[in-house]
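*Asks:* Once you've had a glance at the structure underneath, I'll fire off some questions.
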Amino acid sequence: MDILKFGGTSVANAQNIKLVIDILKNKKNKLVVVVSAFSGVTDLLIQAAQKAAALDNDYKVCLQQVNQKHSNAISELINKNHQETVFDLINIQTSQLRTLLDGCYLVGELSLRTSDAIVCYGELLSSLIVAEAINQEIGNTSFKDSRSLIITDDSFGKASVDFEATNQRIAAFFDENKSQIVVFPGFIASDSKGQTTTLGRGGSDYTAAIIANGANAEILEIWTDVSGIYTANPRVVKQAKPIDYISYQEAMELSHFGAKVLYAPTIQPVLKSNIPIIIKNSFEPEAKGTYISRQTISNGNPVKGITHIDKITLLTLEGSGLIGVSGSSKRLFEVLSNENINVIFITQASSEHSICVGILNDNADAAKIAIDKAFSLEISQGRIDPCIVEKGLCIIAIVGERMKNHQGLSGKMFSTLGKNNVNIRAIAQGASERNISAVINEKDVKKALNTLHERFFEDNTRQLNLFVMGVGNVGEKFINQINQQKKFLRDNLKINIRVIAISNSKKMHFDEDGIDLKDWKTTLKNSSDANTEKFISNTKAFNLRNSIFVDITANKSVSETYNQFLMQNIAVVTCNKIACSSDFENYSNLKNLSRKYNTPFLFETNVGAGLPIIDTLKNLIASGDKVHKIQAVLSGSLNFIFNNFNENSTFHDVVKEAGVLGFTEPDPKIDLSGVDVMRKILILIRESGYQMELNDITNESFMPESCLETNNNDDFFASLKAKASHFENIYKEANDKDCRLKYVAQFENGKASVGLQFIPKDHPFYNLEGKDNIVLFFTNRYLDQPLLIKGAGAGAEVTASGIFADVIRIGNN
Ligand code: ADP
Ligand code: ASP
Ligand code: MG
């Protein structure tokens with residue numbers, strides 16, 4: 001005999017029930033079919049009962065919805081000539097249900113016993129309809145009300161099974177029953193007096209296991225809406241995968257810690273009789289599913305799954321009165337037990353100074369009152385503090401039979417959480433060593449589950465979540481580069497990059513599942529208006545692991561937001577130079593935040609676009625070298641301009657062209673005034689370990705005052721035209737001296753300067769082509785022959801690739 005249980009979604013409507021019948025058609029053995037209520041019906045019935053008891057007339061609306069669902073199913077499933085009979089059968093049930101609800105409304109009260117008498121109609125109605133439908137399609141099918149076989153105590157809402165009585169009745173029933181298929185309602189049972197009880201929410205799985213055990217079935221099949229027990233809840237962790245094999249113990253541990261796919265008590269009855277369970281997907285019957293048996297079949301990974309329980313409250317009892325006083329914990333647990341409060345999590349400090357337990361939020365208020373009352377004497381004497389209540393928490397757990405044989409798993413778990421700024425409130429390791437659990441803030445649960453999943457199951461693949469602000473010239477190239485390299489990075493570096501947000505000055509768009517980069521421009525065009533504050537608050541609210549804020553603007557106000565990201569453990573990658581060249585105090589504050597929160601703050605492209613200048617410098621300093629002197633041409637734009645400016649061109653036209661090619665800042669004055677170069681050398685000086693401010697740098701400007709005094713780009717370009725002869729003279733002078741013009745930045749003996757220089761033929765800067773940059777570092781190790789870094793120092797494509805390199809640095813870290 002095979003026992004098949006179909007969950008609420010599997011029997012949600014006529015269409016799904018037809019799939020169920022297809023599954024049954026392929027079976028050979030005698031079948032027991034256990035069904036849940038149609039999806040959502042149990043909730044509706046509870047709502048109806050509560051409304052009726054609260055004298056809210058809307059209970060009739062809920063009842064109407066329940067009736068509608070079942071009528072629809074009958075109309076679609078049952079042949080016309082038989083519909084009336086089935087409707088008659090159902091109407092008897094629904095009129096009893098209505099009478100019960102009306103009764104609640106009249107007396108304005110709802111006991112647990114009445115609640116069970118009401119919710120049982122969910123399973124009764126569904127099983128009656130499903131039995132009729134199966135009989136019509138396959139034949140030889142009977143219906144049996146589980147309440148006449150499964151006997152429990154009278155703990156209404158979640159009754160305990162009397163297995164002796166139950167097993168006897170089940171055996172007797174199957175001795176008699178000769179149908180090929182028998183359909184049972186799940187979830188419902190009765191006490192010794194024949195009153196309806198229920199087995200707890202999700203209890204239809206348990207019904208199936210009880211019958212499997214009583215009837216000594218060959219297999220228990222749980223048919224649901226996912227293809228087995230996954231390594232984590234697939235609705236929260238997208239990368240989760242079905243587990244092929246799992247032991248009873250592991251499955252029990254996972255379901256106790258929140259894997260709702262299997263109701264926790266289900267394992268117990270079949271474990272005794274060693275009946276295997278298979279979890280299958282009604283909507284994908286060919287998928288393998290999860291096989292649960294006594295054996296632990298290892299796939300090499302000591303961790304089998306990750307789970308969580310939400311809506312947790314932590315109660316802490318502490319005080320000197322607990323030390324050395326035997327029986328304090330016993331008293332605490334007795335108080336909770338008397339209140340019928342289930343304790344999910346326990347830790348006690350070895351000092352015995354405090355005991356901490358985790359319970360469901362719903363029980364928190366009652367627990368606090370009961371505990372404070374029970375310990376009122378100690379509290380009044382000041383030996384114990386009143387019970388501390390912390391709500392809004394959640395428990396996460398990693399589970400696996402073989403965890404006990406592996407060292408370092410908890411270290412791995414907690415360092416992974418720590419790196420992602422998940423604050424851990426309490427920790428417990430089950431005595432069985434089959435699980436390690438921690439209490440964290442509810443807001444962090446998704447991030448925690450995903451990071452842990454990545455760490456334990458995803459072959460060390462790291463997901464990076466990018467929030468990109470500024471998708472202009474450089475930003476566009478950056479996005480395109482990511483799109484091109486995505487697959488390579490995933491396959492070769494095990495880095496999975498997702499762009500969660502993009503914004504330009506007009507629009508912004510967020511997608512928690514990652515924006516499709518093929519058509520991001522259209523997506524952005526059709527999205528909401530840009531708003532920096534909202535962008536930041538959304539980025540924080542997503543609370544995703546390995547989040548990176550990428551600033552590709554040249555905007556001061558954006559540069560002033562970095563501290564907010566770093567403090568939230570969101571890395572910052574920026575090509576915007578403003579932050580690092582602002583007041584030293586701000587610069588060092590950002591560096592400190594990055595250290596304190598262990599969160600990268602990278603700005604390689606602040607100097608020399610994609611050239612690895614800052615990273616090289618960092619490595620020099622980290623390895624103990626000291627920089628004495630820096631000489632550099634750091635402006636790709638100025639280099640381009642002076643390389644192209646000659647007797648055949650005007651200064652105005654060359655500057656214009658540099659702008660069109662994207663080699664200058666949006667405001668070209670920032671380049672031509674030397675401010676941009678000042679910022680760059682300042683950043684190199686600071687990264688070399690010196691403290692300096694921007695106005696400590698001498699700027700010997702080659703620009704006429706009148707050009708620098710303009711207020712917008714149009715006026716500026718007009719002034720370049722007006723002062724054409726000034727620029728021609730500079731060129732002529734250099735040419736006469738057989739020199740080239742280079743805009744040079746220098747640092748030596750603690751002093752820095754920038755300015756245009758005549759560079760003779762024998763100087764390493766003389767042949768600097770196009771928009772190239774060059775930096776010479778004179779250090780302890782590179783004393784006579786400086787360390788030289790040279791290459792393209794401007795341009796959208798190389799800048800974008802420099803930003804990309806910073807992102808990859810974070811991924812590789
Ligand atoms: P049914 O109505 O069929 O009994 P449930 O809703 O009770 O189905 O259980 C299935 C659901 O369990 C899935 O849709 C999924 O959201 C949830 N779930 C939680 N943890 C896990 C897990 N580790 N693996 C699979 N599903 C899980
Ligand atoms: N219908 C019940 C519930 O929703 C039992 C079940 O579905 O397993 O909790
Ligand atoms: Mg279920």
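Residue numbering restarts at 1 in every chain; chains get A, B, ... in the order shown in the structure tokens, and ligands count up from 1 in that same order.
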Quick one: residues within 9 Å of range 699-712 of chain A, only C-alpha atoms counted, chain neighbours fewer than 3 positions away excluded, as a list in words?
*Replies:* Asp667, Lys669, Leu672, Ser673, Gly674, Val675, Met678, Asn695, Asp715, Phe716, Phe717, Ala718, Ser719, Leu720, Lys723, His726, Phe727, Ile730, Ala752, Ser753, Val754, Gly755 and Leu756 of chain A
*Asks:* Write out as a compact mmCIF listing (two decimals) with N, CA and C atoms, in the first residue's frame each polymer residue (protein, DNA or RNA) that has an atom no more than 7 Å from ligand 3, with only C-alpha atoms and all ligand atoms counted.
*Replies:*
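Result file is part_10.txt:
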# COMPACT_ATOMS: atom_id res chain seq x y z
N GLY A 7 -1.01 18.36 -0.70
CA GLY A 7 -1.13 19.59 0.09
C GLY A 7 -2.13 20.57 -0.51
N GLY A 202 -0.65 22.63 9.34
CA GLY A 202 0.23 21.83 8.49
C GLY A 202 0.10 20.35 8.77
N SER A 204 -1.79 17.86 7.95
CA SER A 204 -2.19 16.79 7.03
C SER A 204 -1.04 15.83 6.73
N ASP A 205 0.16 16.35 6.73
CA ASP A 205 1.34 15.48 6.54
C ASP A 205 1.35 14.40 7.63
N LYS A 260 8.94 24.40 6.41
CA LYS A 260 7.51 24.13 6.46
C LYS A 260 7.08 23.02 5.50
N VAL A 261 7.95 22.69 4.56
CA VAL A 261 7.60 21.69 3.55
C VAL A 261 7.18 20.36 4.18
N LEU A 262 7.66 20.09 5.38
CA LEU A 262 7.24 18.87 6.08
C LEU A 262 6.88 19.26 7.51
N TYR A 263 5.66 18.90 7.93
CA TYR A 263 5.23 19.20 9.30
C TYR A 263 6.06 18.33 10.25
*Asks:* How would you write, as a PyMOL selection string, the set of residues no farther than 9 Å from ligand 2 when counting only C-alpha atoms and all ligand atoms?
*Replies:* chain A and resi 6-9+35-43+119-120+122-123+186-188+198-207+263
*Asks:* Within 10 Å of range 552-557 of chain A, counting only C-alpha atoms, which residues qualify if same-chain residues fewer than 5 places away don't, as JSON, numbers by chain?
*Replies:* {"A": [468, 469, 470, 471, 472, 473, 474, 475, 476, 478, 503, 504, 505, 532, 562, 573, 574, 575, 576, 577, 578, 579, 582, 665, 666, 667, 799, 800, 803]}
*Asks:* Can I get the selection written as a PDB file, in the first residue's frame, with C-alpha atoms?
*Replies:*
ATOM      1  CA  VAL A 468      24.997  51.965  -9.599  1.00  0.00           C
ATOM      2  CA  MET A 469      24.522  55.688  -9.509  1.00  0.00           C
ATOM      3  CA  GLY A 470      25.448  57.611 -12.649  1.00  0.00           C
ATOM      4  CA  VAL A 471      24.935  55.780 -15.916  1.00  0.00           C
ATOM      5  CA  GLY A 472      26.206  58.453 -18.275  1.00  0.00           C
ATOM      6  CA  ASN A 473      29.177  57.997 -20.562  1.00  0.00           C
ATOM      7  CA  VAL A 474      31.378  55.935 -18.218  1.00  0.00           C
ATOM      8  CA  GLY A 475      28.451  54.304 -16.422  1.00  0.00           C
ATOM      9  CA  GLU A 476      26.997  53.006 -19.654  1.00  0.00           C
ATOM     10  CA  PHE A 478      30.523  49.891 -17.118  1.00  0.00           C
ATOM     11  CA  SER A 503      20.170  55.702 -11.635  1.00  0.00           C
ATOM     12  CA  ASN A 504      21.070  58.700 -13.725  1.00  0.00           C
ATOM     13  CA  SER A 505      20.220  62.286 -12.873  1.00  0.00           C
ATOM     14  CA  THR A 532      19.294  60.359  -4.114  1.00  0.00           C
ATOM     15  CA  TYR A 562      29.536  57.258   1.345  1.00  0.00           C
ATOM     16  CA  VAL A 573      33.445  51.875  -5.340  1.00  0.00           C
ATOM     17  CA  THR A 574      33.851  55.293  -6.868  1.00  0.00           C
ATOM     18  CA  CYS A 575      35.528  57.147  -9.686  1.00  0.00           C
ATOM     19  CA  ASN A 576      34.309  60.398  -8.161  1.00  0.00           C
ATOM     20  CA  LYS A 577      37.387  62.148  -6.728  1.00  0.00           C
ATOM     21  CA  ILE A 578      35.570  64.618  -4.526  1.00  0.00           C
ATOM     22  CA  ALA A 579      35.413  62.539  -1.340  1.00  0.00           C
ATOM     23  CA  SER A 582      37.917  66.750   0.376  1.00  0.00           C
ATOM     24  CA  GLU A 665      35.251  66.351 -16.778  1.00  0.00           C
ATOM     25  CA  PRO A 666      31.715  67.569 -17.619  1.00  0.00           C
ATOM     26  CA  ASP A 667      33.015  70.989 -16.563  1.00  0.00           C
ATOM     27  CA  THR A 799      37.654  54.203 -16.537  1.00  0.00           C
ATOM     28  CA  ALA A 800      34.746  51.771 -16.650  1.00  0.00           C
ATOM     29  CA  ILE A 803      35.667  50.545 -11.728  1.00  0.00           C
TER      30      ILE A 803
END
*Asks:* Report the distance between CA of Glu769 in chain A and CA of Lys737 in chain A in Å, rounded to one decimal place.
*Replies:*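 Going from CA of Glu769 in chain A over to CA of Lys737 in chain A, I get 19.4 Å.
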*Asks:* As an MDAnalysis selection string, list the residues of range 619-807 of chain A assigned to strand (DSSP E or B) by DSSP on the backbone atoms of this structure.
*Replies:* chainID A and resid 627:633 698:700 740:748 751:759 772:779 787:792
